[in-house]
file final-v4.tsv (TSV, C-alpha atoms)
chain	number	residue	atom	x	y	z
G	117	MET	CA	0.00	0.00	0.00
G	118	GLU	CA	2.85	2.42	0.80
G	119	SER	CA	4.37	1.87	-2.63
G	120	TYR	CA	0.99	2.40	-4.29
G	121	LEU	CA	0.35	5.66	-2.43
G	122	LEU	CA	3.88	6.89	-3.14
G	123	ASP	CA	3.33	6.22	-6.84
G	124	TRP	CA	0.17	8.34	-6.77
G	125	ALA	CA	1.95	11.09	-4.86
G	126	ASN	CA	4.79	10.95	-7.41
G	127	LEU	CA	2.37	11.19	-10.33
G	128	LEU	CA	0.30	14.05	-8.93
G	129	LEU	CA	3.34	16.04	-7.77
G	130	ARG	CA	5.03	15.52	-11.12
G	131	TRP	CA	1.89	16.75	-12.87
G	132	LEU	CA	1.71	19.82	-10.62
G	133	HIS	CA	5.42	20.48	-11.02
G	134	VAL	CA	5.22	20.43	-14.81
G	135	ILE	CA	2.19	22.74	-14.83
G	136	THR	CA	3.77	25.33	-12.54
G	137	ALA	CA	7.12	25.08	-14.36
G	138	ILE	CA	5.40	25.78	-17.68
G	139	ALA	CA	3.74	28.85	-16.15
G	140	TRP	CA	7.03	30.14	-14.70
G	141	ILE	CA	9.23	29.41	-17.71
G	142	GLY	CA	6.58	30.73	-20.08
G	143	SER	CA	6.33	34.07	-18.29
G	144	SER	CA	10.13	34.27	-17.99
G	145	PHE	CA	10.64	33.63	-21.70
G	146	TYR	CA	7.92	36.13	-22.58
G	147	PHE	CA	9.40	38.97	-20.54
G	148	VAL	CA	12.90	38.32	-21.89
G	149	PHE	CA	11.41	38.50	-25.40
G	150	LEU	CA	9.44	41.62	-24.46
G	151	ASP	CA	12.44	43.42	-22.99
G	152	SER	CA	14.59	42.59	-26.02
G	153	SER	CA	11.91	43.61	-28.53
G	154	LEU	CA	10.91	47.02	-27.15
G	155	THR	CA	11.37	50.02	-29.41
G	156	PRO	CA	11.43	53.71	-28.42
G	157	PRO	CA	7.89	55.10	-28.15
G	158	VAL	CA	6.55	57.11	-31.06
G	159	ASP	CA	3.70	58.80	-29.25
G	160	GLU	CA	4.78	62.05	-27.55
G	161	ASP	CA	2.37	61.47	-24.66
G	162	LEU	CA	4.09	58.17	-23.87
G	163	LYS	CA	7.47	59.87	-23.91
G	164	ARG	CA	6.26	62.52	-21.47
G	165	GLN	CA	4.97	59.79	-19.14
G	166	GLY	CA	8.45	58.25	-18.95
G	167	VAL	CA	7.87	55.28	-21.24
G	168	SER	CA	11.24	53.90	-22.39
G	169	GLY	CA	9.96	51.26	-24.80
G	170	GLU	CA	6.85	49.80	-26.40
G	171	LEU	CA	5.78	46.77	-28.39
G	172	TRP	CA	2.87	46.17	-30.70
G	173	ALA	CA	1.80	42.53	-31.01
G	174	VAL	CA	-1.11	40.50	-32.35
G	175	HIS	CA	-2.21	37.25	-30.75
G	176	GLY	CA	-5.39	35.26	-30.38
G	177	GLY	CA	-7.43	37.62	-32.55
G	178	GLY	CA	-6.49	40.75	-30.62
G	179	PHE	CA	-3.86	43.51	-30.64
G	180	TYR	CA	-1.68	44.23	-27.61
G	181	HIS	CA	0.39	47.27	-26.76
G	182	PRO	CA	2.61	46.76	-23.69
G	183	VAL	CA	4.89	49.62	-22.64
G	184	LYS	CA	7.82	49.79	-20.20
G	185	PHE	CA	8.59	52.64	-17.85
G	186	ALA	CA	12.31	53.23	-17.34
G	187	VAL	CA	12.26	53.59	-13.56
G	188	ARG	CA	8.76	54.45	-12.38
G	189	PRO	CA	5.31	55.07	-13.88
G	190	PRO	CA	3.70	58.46	-13.23
G	191	VAL	CA	0.87	56.78	-11.29
G	192	LEU	CA	0.59	53.29	-9.82
G	193	PRO	CA	-2.50	51.40	-11.02
G	194	GLY	CA	-5.10	50.09	-8.64
G	195	HIS	CA	-4.22	46.51	-9.54
G	196	LEU	CA	-0.59	45.55	-10.06
G	197	HIS	CA	0.14	41.95	-11.06
G	198	TRP	CA	3.16	40.33	-9.42
G	199	PHE	CA	4.99	37.39	-10.95
G	200	TYR	CA	6.26	35.26	-8.12
G	201	TRP	CA	3.83	32.47	-7.27
G	202	GLU	CA	4.82	30.65	-10.45
G	203	ALA	CA	8.42	30.46	-9.20
G	204	TYR	CA	7.52	29.53	-5.63
G	205	SER	CA	4.99	26.89	-6.70
G	206	THR	CA	7.49	25.33	-9.07
G	207	TRP	CA	10.14	25.01	-6.37
G	208	LEU	CA	7.73	23.77	-3.69
G	209	SER	CA	6.21	21.13	-5.95
G	210	GLY	CA	9.67	20.15	-7.22
G	211	PHE	CA	11.12	19.74	-3.74
G	212	ALA	CA	8.06	17.75	-2.67
G	213	LEU	CA	8.55	15.51	-5.69
G	214	PHE	CA	12.26	15.15	-4.89
G	215	THR	CA	11.31	14.18	-1.32
G	216	VAL	CA	8.80	11.55	-2.40
G	217	SER	CA	10.95	10.14	-5.20
G	218	TYR	CA	14.44	10.26	-3.67
G	219	LEU	CA	14.65	11.38	-0.04
G	220	TRP	CA	11.88	9.04	1.14
G	221	ASN	CA	13.79	6.06	-0.26
G	222	ALA	CA	17.29	7.46	0.13
G	223	GLY	CA	18.76	4.01	0.78
G	224	SER	CA	17.73	2.91	-2.71
G	225	TYR	CA	17.88	6.11	-4.78
G	226	LEU	CA	20.63	8.22	-3.21
G	227	ILE	CA	23.15	5.56	-2.24
G	228	ASP	CA	25.48	3.54	-4.44
G	229	ARG	CA	27.78	1.52	-2.16
G	230	ASN	CA	30.38	1.40	-4.93
G	231	LEU	CA	30.67	5.20	-4.68
G	232	MET	CA	29.91	6.12	-1.07
G	233	ASP	CA	29.00	3.73	1.73
G	234	TRP	CA	27.09	6.09	3.96
G	235	SER	CA	23.81	6.07	5.88
G	236	PRO	CA	20.54	7.33	4.37
G	237	GLY	CA	20.58	10.25	6.81
G	238	ALA	CA	24.05	11.31	5.69
G	239	ALA	CA	23.08	11.00	2.02
G	240	ILE	CA	20.00	13.15	2.58
G	241	GLY	CA	22.02	15.77	4.47
G	242	VAL	CA	24.64	16.05	1.75
G	243	ALA	CA	22.01	16.14	-1.00
G	244	VAL	CA	20.11	19.01	0.64
G	245	SER	CA	23.38	20.83	1.30
G	246	PHE	CA	23.98	20.99	-2.45
G	247	LEU	CA	20.90	23.17	-2.78
G	248	VAL	CA	21.93	25.50	0.05
G	249	VAL	CA	25.67	25.76	-0.56
G	250	PHE	CA	25.36	26.43	-4.28
G	251	TRP	CA	22.92	29.27	-3.63
G	252	ILE	CA	25.22	30.83	-1.03
G	253	LEU	CA	28.24	30.69	-3.35
G	254	TYR	CA	26.33	31.83	-6.43
G	255	ASP	CA	24.75	34.73	-4.54
G	256	ALA	CA	28.16	35.76	-3.18
G	257	VAL	CA	29.62	35.76	-6.69
G	258	CYS	CA	26.79	37.97	-7.94
G	259	GLN	CA	27.17	40.44	-5.09
G	260	LEU	CA	30.96	40.61	-5.36
G	261	PHE	CA	31.31	40.89	-9.12
G	262	GLY	CA	27.84	41.58	-10.57
G	263	GLN	CA	28.16	45.36	-10.64
G	264	LYS	CA	31.81	45.59	-11.66
G	265	LYS	CA	33.11	46.31	-15.14
G	266	ASN	CA	32.71	43.16	-17.26
G	267	GLY	CA	30.79	41.80	-14.28
G	268	ASP	CA	28.45	39.63	-16.36
G	269	ALA	CA	31.36	37.80	-17.97
G	270	ILE	CA	33.09	37.28	-14.60
G	271	VAL	CA	29.90	36.02	-12.97
G	272	GLY	CA	29.21	33.71	-15.92
G	273	ALA	CA	32.68	32.17	-15.76
G	274	LEU	CA	32.58	31.67	-11.99
G	275	VAL	CA	29.08	30.17	-12.07
G	276	LEU	CA	30.21	27.74	-14.78
G	277	LEU	CA	33.11	26.75	-12.54
G	278	LEU	CA	30.75	26.22	-9.60
G	279	VAL	CA	28.47	24.03	-11.72
G	280	CYS	CA	31.44	21.95	-12.93
G	281	VAL	CA	32.65	21.36	-9.36
G	282	ALA	CA	29.14	20.53	-8.16
G	283	ALA	CA	28.55	18.11	-11.05
G	284	TRP	CA	31.87	16.38	-10.37
G	285	LEU	CA	31.16	16.00	-6.67
G	286	ALA	CA	27.56	14.87	-7.17
G	287	CYS	CA	28.59	12.18	-9.65
G	288	ARG	CA	31.34	10.94	-7.31
G	289	TRP	CA	29.04	10.73	-4.30
G	290	PHE	CA	25.63	9.77	-5.72
G	291	PRO	CA	24.29	7.37	-8.36
G	292	GLY	CA	24.32	9.05	-11.78
G	293	ARG	CA	20.55	9.33	-12.01
G	294	ALA	CA	20.30	11.05	-8.64
G	295	ALA	CA	23.40	13.18	-9.30
G	296	PHE	CA	21.99	14.67	-12.51
G	297	LEU	CA	18.67	15.42	-10.83
G	298	LEU	CA	20.43	16.92	-7.82
G	299	VAL	CA	22.49	19.33	-9.93
G	300	GLY	CA	19.34	20.41	-11.76
G	301	ALA	CA	17.50	20.91	-8.46
G	302	MET	CA	20.49	22.86	-7.14
G	303	ILE	CA	20.33	25.37	-10.00
G	304	ALA	CA	16.53	25.51	-9.88
G	305	THR	CA	16.71	26.36	-6.18
G	306	SER	CA	18.94	29.33	-6.97
G	307	MET	CA	16.47	30.43	-9.64
G	308	SER	CA	13.63	30.49	-7.09
G	309	ALA	CA	15.90	32.11	-4.50
G	310	ASN	CA	16.68	34.89	-7.00
G	311	VAL	CA	12.96	35.65	-7.12
G	312	LEU	CA	12.47	35.34	-3.35
G	313	PHE	CA	15.50	37.29	-2.12
G	314	TRP	CA	16.24	39.79	-4.88
G	315	ILE	CA	13.67	40.28	-7.62
G	316	ILE	CA	10.49	40.57	-5.54
G	317	PRO	CA	12.05	42.47	-2.56
G	318	GLY	CA	13.58	44.95	-5.00
G	319	GLN	CA	10.24	45.48	-6.71
G	320	ARG	CA	8.52	45.96	-3.35
G	321	LYS	CA	11.03	48.66	-2.43
G	322	VAL	CA	10.36	50.43	-5.72
G	323	VAL	CA	6.60	50.31	-5.20
G	324	ALA	CA	6.97	51.53	-1.61
G	325	ALA	CA	9.13	54.47	-2.74
G	326	ILE	CA	6.60	55.45	-5.41
G	327	LYS	CA	3.71	55.31	-2.93
G	328	ALA	CA	5.69	57.44	-0.46
G	329	GLY	CA	6.58	59.97	-3.15
G	330	GLU	CA	10.29	59.29	-2.67
G	331	PRO	CA	12.99	58.94	-5.36
G	332	VAL	CA	13.37	55.41	-6.71
G	333	ASP	CA	16.82	53.86	-6.49
G	334	PRO	CA	17.47	52.35	-9.96
G	335	VAL	CA	19.79	49.72	-8.43
G	336	HIS	CA	16.74	47.62	-7.56
G	337	GLY	CA	15.71	47.43	-11.18
G	338	PHE	CA	19.27	46.63	-12.24
G	339	ARG	CA	19.65	43.79	-9.75
G	340	GLY	CA	16.24	42.37	-10.51
G	341	LYS	CA	16.94	42.43	-14.23
G	342	GLN	CA	20.35	40.81	-13.73
G	343	ARG	CA	18.95	37.92	-11.67
G	344	SER	CA	16.06	37.49	-14.10
G	345	VAL	CA	18.52	37.16	-16.99
G	346	HIS	CA	20.49	34.57	-15.02
G	347	ASN	CA	17.29	32.61	-14.54
G	348	THR	CA	16.56	32.51	-18.26
G	349	TYR	CA	20.03	31.07	-18.98
G	350	PHE	CA	19.59	28.49	-16.23
G	351	THR	CA	16.31	27.24	-17.69
G	352	LEU	CA	17.46	24.90	-20.47
G	353	PRO	CA	20.28	23.34	-18.40
G	354	VAL	CA	17.80	22.60	-15.59
G	355	LEU	CA	15.29	21.08	-18.00
G	356	PHE	CA	17.97	18.76	-19.41
G	357	ALA	CA	19.00	17.62	-15.93
G	358	MET	CA	15.39	16.87	-15.04
G	359	LEU	CA	14.68	14.93	-18.23
G	360	SER	CA	17.97	13.02	-18.32
G	361	ASN	CA	16.99	10.63	-15.53
G	362	HIS	CA	14.83	8.77	-18.08
G	363	TYR	CA	17.88	8.03	-20.27
G	364	SER	CA	20.58	5.96	-18.60
G	365	PHE	CA	23.08	6.45	-21.44
G	366	THR	CA	23.52	10.06	-20.25
G	367	TYR	CA	24.31	9.34	-16.60
G	368	GLY	CA	25.56	5.76	-16.65
G	369	GLY	CA	29.14	6.28	-17.84
G	370	ALA	CA	32.37	6.80	-15.95
G	371	HIS	CA	32.60	10.44	-17.07
G	372	ASN	CA	28.92	11.26	-16.57
G	373	TRP	CA	29.67	14.60	-14.93
G	374	VAL	CA	31.36	15.76	-18.14
G	375	VAL	CA	28.25	14.78	-20.10
G	376	LEU	CA	26.09	16.81	-17.72
G	377	VAL	CA	28.30	19.90	-17.89
G	378	LEU	CA	28.55	19.77	-21.70
G	379	MET	CA	24.79	19.40	-22.19
G	380	MET	CA	24.10	22.22	-19.74
G	381	PHE	CA	26.59	24.42	-21.56
G	382	ALA	CA	24.91	23.57	-24.87
G	383	GLY	CA	21.53	24.51	-23.42
G	384	ALA	CA	22.81	27.88	-22.18
G	385	ALA	CA	24.42	28.60	-25.58
G	386	ILE	CA	21.19	27.82	-27.41
G	387	ARG	CA	19.26	30.03	-24.99
G	388	GLN	CA	21.72	32.84	-25.72
G	389	PHE	CA	20.84	32.51	-29.39
G	390	PHE	CA	17.14	33.06	-28.70
G	391	VAL	CA	17.77	35.94	-26.29
G	392	MET	CA	20.01	37.80	-28.76
G	393	ARG	CA	17.82	36.98	-31.73
G	394	HIS	CA	15.19	39.48	-30.60
G	395	GLY	CA	17.76	42.28	-30.41
G	396	TRP	CA	19.34	41.29	-33.73
G	397	LYS	CA	16.01	41.74	-35.51
G	398	LEU	CA	16.04	45.34	-34.30
G	399	GLY	CA	19.69	45.89	-35.27
G	400	ARG	CA	21.01	46.02	-31.70
G	401	ASN	CA	23.58	43.23	-31.92
G	402	ARG	CA	25.27	40.93	-34.39
G	403	HIS	CA	23.57	37.79	-35.64
G	404	PRO	CA	23.54	35.25	-32.78
G	405	LEU	CA	23.69	32.15	-35.00
G	406	PRO	CA	27.22	31.20	-33.77
G	407	TYR	CA	25.81	30.56	-30.29
G	408	ALA	CA	23.24	28.14	-31.65
G	409	LEU	CA	25.86	26.42	-33.80
G	410	VAL	CA	28.17	26.00	-30.79
G	411	GLY	CA	25.32	24.52	-28.74
G	412	VAL	CA	24.31	22.11	-31.49
G	413	ALA	CA	27.95	21.15	-32.13
G	414	VAL	CA	28.42	20.28	-28.46
G	415	ILE	CA	25.28	18.13	-28.48
G	416	VAL	CA	26.41	16.30	-31.63
G	417	ALA	CA	29.84	15.73	-30.10
G	418	VAL	CA	28.25	14.20	-26.98
G	419	ILE	CA	26.03	11.98	-29.12
G	420	VAL	CA	29.06	10.71	-31.03
G	421	TRP	CA	31.04	10.25	-27.83
G	422	LEU	CA	28.33	8.18	-26.14
G	423	LYS	CA	27.43	5.98	-29.10
G	424	PRO	CA	27.41	2.26	-28.27
G	425	ASP	CA	30.46	0.24	-29.20
G	426	ALA	CA	29.05	-2.60	-31.27
G	427	SER	CA	32.32	-4.52	-31.13
G	428	ALA	CA	32.16	-4.56	-27.33
G	429	ALA	CA	28.67	-6.02	-27.12
G	430	ALA	CA	28.54	-8.90	-24.67
G	431	PRO	CA	28.04	-12.26	-26.41
G	432	VAL	CA	25.16	-14.49	-25.47
G	433	ALA	CA	26.85	-17.75	-24.59
G	434	ARG	CA	23.71	-19.84	-24.35
G	435	ALA	CA	20.20	-20.07	-25.76
G	436	ALA	CA	17.85	-17.60	-24.15
G	437	GLY	CA	14.69	-19.43	-23.24
G	438	TYR	CA	12.62	-19.18	-20.08
G	439	PRO	CA	14.98	-21.39	-17.97
G	440	GLU	CA	17.95	-19.14	-18.83
G	441	VAL	CA	15.99	-15.96	-18.12
G	442	ARG	CA	14.69	-17.38	-14.84
G	443	GLN	CA	18.26	-18.12	-13.78
G	444	VAL	CA	19.22	-14.47	-14.37
G	445	LEU	CA	16.15	-13.19	-12.57
G	446	GLU	CA	16.74	-15.46	-9.58
G	447	GLN	CA	20.19	-13.92	-9.06
G	448	ARG	CA	19.42	-10.32	-9.93
G	449	CYS	CA	15.71	-9.54	-9.56
G	450	TYR	CA	13.79	-11.81	-7.20
G	451	MET	CA	15.00	-10.05	-4.05
G	452	CYS	CA	12.89	-7.02	-5.05
G	453	HIS	CA	10.30	-8.68	-7.30
G	454	GLY	CA	9.76	-12.10	-5.76
G	455	GLU	CA	7.67	-13.83	-3.12
G	456	GLN	CA	8.88	-11.75	-0.17
G	457	VAL	CA	8.95	-8.29	-1.78
G	458	GLN	CA	7.04	-6.95	-4.78
G	459	MET	CA	8.42	-3.47	-5.49
G	460	LYS	CA	6.00	-1.41	-7.58
G	461	ASN	CA	3.59	-4.38	-7.32
G	462	VAL	CA	5.73	-6.30	-9.81
G	463	ARG	CA	6.37	-9.99	-9.15
G	464	LEU	CA	8.58	-11.96	-11.55
G	465	ASP	CA	9.11	-15.31	-9.85
G	466	SER	CA	6.36	-17.10	-11.80
G	467	PRO	CA	5.89	-17.64	-15.56
G	468	GLU	CA	2.59	-15.76	-15.42
G	469	GLY	CA	4.07	-12.78	-13.61
G	470	LEU	CA	7.06	-12.57	-15.91
G	471	LYS	CA	4.91	-12.79	-19.01
G	472	ALA	CA	2.60	-10.04	-17.71
G	473	HIS	CA	5.58	-7.72	-17.17
G	474	ALA	CA	7.78	-8.87	-20.06
G	475	GLN	CA	7.66	-5.51	-21.87
G	476	ALA	CA	8.56	-3.58	-18.72
G	477	VAL	CA	11.39	-6.01	-17.87
G	478	TYR	CA	12.86	-5.64	-21.35
G	479	GLN	CA	12.51	-1.85	-21.31
G	480	GLN	CA	13.99	-1.34	-17.84
G	481	ALA	CA	16.70	-4.01	-17.82
G	482	VAL	CA	17.82	-4.11	-21.47
G	483	VAL	CA	16.94	-0.83	-23.19
G	484	ALA	CA	17.16	1.79	-20.43
G	485	LYS	CA	19.37	-0.29	-18.11
G	486	THR	CA	17.80	1.41	-15.12
G	487	MET	CA	17.09	-1.88	-13.37
G	488	PRO	CA	18.30	-3.30	-11.10
G	489	LEU	CA	18.35	0.11	-9.42
G	490	ASN	CA	21.93	1.45	-9.31
G	491	ASN	CA	22.83	-2.09	-10.46
G	492	ALA	CA	22.83	-3.13	-6.82
G	493	THR	CA	22.78	-6.83	-7.78
G	494	HIS	CA	25.62	-6.44	-10.33
G	495	ILE	CA	23.80	-7.75	-13.40
G	496	THR	CA	26.19	-8.17	-16.33
G	497	ASP	CA	25.79	-7.10	-19.96
G	498	ALA	CA	25.72	-10.77	-20.94
G	499	GLU	CA	22.77	-11.35	-18.61
G	500	ARG	CA	20.96	-8.33	-20.00
G	501	ALA	CA	21.55	-9.79	-23.45
G	502	VAL	CA	19.92	-13.06	-22.34
G	503	ILE	CA	16.78	-11.12	-21.37
G	504	GLY	CA	16.89	-9.21	-24.65
G	505	GLN	CA	17.18	-12.35	-26.77
G	506	TRP	CA	14.36	-14.04	-24.82
G	507	PHE	CA	12.10	-11.01	-25.38
G	508	ALA	CA	12.99	-10.79	-29.09
G	509	ALA	CA	12.08	-14.46	-29.49
G	510	GLY	CA	8.55	-13.83	-28.25
G	511	ALA	CA	8.97	-13.69	-24.46
G	512	LYS	CA	7.72	-17.24	-24.09
G	513	ALA	CA	7.11	-18.62	-20.61
G	514	PRO	CA	5.65	-22.09	-19.89

call {"tool": "encode", "arguments": {"input": "final-v4.tsv", "output": "structure tokens"}}
result
Amino acid sequence: MESYLLDWANLLLRWLHVITAIAWIGSSFYFVFLDSSLTPPVDEDLKRQGVSGELWAVHGGGFYHPVKFAVRPPVLPGHLHWFYWEAYSTWLSGFALFTVSYLWNAGSYLIDRNLMDWSPGAAIGVAVSFLVVFWILYDAVCQLFGQKKNGDAIVGALVLLLVCVAAWLACRWFPGRAAFLLVGAMIATSMSANVLFWIIPGQRKVVAAIKAGEPVDPVHGFRGKQRSVHNTYFTLPVLFAMLSNHYSFTYGGAHNWVVLVLMMFAGAAIRQFFVMRHGWKLGRNRHPLPYALVGVAVIVAVIVWLKPDASAAAPVARAAGYPEVRQVLEQRCYMCHGEQVQMKNVRLDSPEGLKAHAQAVYQQAVVAKTMPLNNATHITDAERAVIGQWFAAGAKAP
């Protein structure tokens, strides 16, 4: 029953997390596009009101005319929409999902005895510390160098270094699947923290100054804009880290941390292309195509690097019928899917049970190679090949 309820919690939290993430990322992408596409106002009345840019757009059968005030509008409206619940809801649902999926079963999902032989409590503590420590270091980098000359380049280089170190440590201490997810969650936490500690507080100070009739310090707008831009570059790397746990070829190798860093770098480069593309259309910067080409080239290089070595495929030394498959399952699978324990309500120690779950066994053990979890039972490639040959021959069971 616990496993069943956890599966439902996982499904519903994942659903909620995706919905809130779409809302947050969608609004973030839109405002980056809007900011990059604004043109100086034509109307003299808008200029006198302090409008620094405007955009005309058509969508859904209607015309829209958003404008941006450089520092402050002449009058605050009665209703001012704030964009922050999307960010908070995404982080809260994501952390809840991380808790249900990984922290709740830390002994299975966060611990690989071949990497680190520690207790579930220690694994949980270190995993959560990744979220906190990265934010502290990233925030310190932004405060120390963000407002200096060439500050954006310095911050970008140092953040890349922090991500590389974090990815290396995570992949040395945790199973690859958990490590990739943890690095993504680490960056996503900093994205939400940017909203919580800098963007929204700065905006509240601006609104308070306007209501009090006091001068508005433009530094709040600068800092908020800077952190918002960081968030948009973090987006694609985080999405890759979250999706990668479904594809073991990304996190299963000896140099998995390099794969993670390269794919995150590619995502940031491709995002740079889209950010600069809006300005290029207005003649504000050079054509950003090189960024996209670099990102695509890195992805292609990773694909070539990770391609399977056909010559190294493990030979199948014996015929792969039900008796041979049962022998593999007895050694590698029955302890979690047998008479005593049926993880995920899957039982494989009978011909009927195996036949009912044949597709899932083939997918998880042969194609994705995600089972046994963290390869705790040390299944070999030859044994996976036995399962694959049995499935290809019709998955027959007496």

call {"tool": "atom_distance", "arguments": {"input": "final-v4.tsv", "atom1": "CA of Leu464 (chain G)", "atom2": "CA of Tyr450 (chain G)"}}
result
6.8 Å

call {"tool": "residues_around", "arguments": {"input": "final-v4.tsv", "residues": "region 502-509 of chain G", "least_positions_apart": "4", "cutoff": "7 Å", "atoms": "only C-alpha atoms", "output": "count of residues only"}}
result
7

call {"tool": "atom_distance", "arguments": {"input": "final-v4.tsv", "atom1": "CA of Ala492 (chain G)", "atom2": "CA of Ala125 (chain G)"}}
result
25.3 Å

call {"tool": "residues_near_point", "arguments": {"input": "final-v4.tsv", "point": "(3.6, 27.4, -7.7)", "cutoff": "10 Å", "atoms": "only C-alpha atoms", "output": "ChimeraX atom specification"}}
result
/G:132-133,135-137,139-140,200-210

call {"tool": "closest_residue", "arguments": {"input": "final-v4.tsv", "among": "G:Ala408, G:Thr155, G:Val477, G:His453", "to": "Arg393 (chain G)", "atoms": "only C-alpha atoms"}}
result
G:Ala408

call {"tool": "closest_residue", "arguments": {"input": "final-v4.tsv", "among": "G:Ala511, G:Val257, G:Leu378, G:Val242", "to": "Val416 (chain G)", "atoms": "all atoms listed in the file"}}
result
G:Leu378

call {"tool": "closest_residue", "arguments": {"input": "final-v4.tsv", "among": "G:Leu405, G:Tyr225, G:Pro424, G:Tyr349", "to": "Val275 (chain G)", "atoms": "only C-alpha atoms"}}
result
G:Tyr349

call {"tool": "closest_residue", "arguments": {"input": "final-v4.tsv", "among": "G:Leu285, G:Ile252, G:Val244, G:Val332", "to": "Ala186 (chain G)", "atoms": "only C-alpha atoms"}}
result
G:Val332

call {"tool": "atom_distance", "arguments": {"input": "final-v4.tsv", "atom1": "CA of Ala295 (chain G)", "atom2": "CA of Asn310 (chain G)"}}
result
22.8 Å

call {"tool": "closest_residue", "arguments": {"input": "final-v4.tsv", "among": "G:Ala417, G:Val377, G:Val271, G:Ala513", "to": "Val299 (chain G)", "atoms": "all atoms listed in the file"}}
result
G:Val377

call {"tool": "closest_residue", "arguments": {"input": "final-v4.tsv", "among": "G:Asn230, G:Thr351, G:Thr305, G:Gln319", "to": "Gly142 (chain G)", "atoms": "all atoms listed in the file"}}
result
G:Thr351

call {"tool": "residues_near_point", "arguments": {"input": "final-v4.tsv", "point": "(27.9, 9.9, -20.4)", "cutoff": "12 Å", "atoms": "all atoms listed in the file", "output": "PyMOL selection string"}}
result
chain G and resi 287+292-293+296+360-361+363-379+415+417-424

call {"tool": "residues_around", "arguments": {"input": "final-v4.tsv", "residues": "Val191 (chain G)", "least_positions_apart": "6", "cutoff": "10 Å", "atoms": "only C-alpha atoms", "output": "ChimeraX atom specification"}}
result
/G:165,326-327
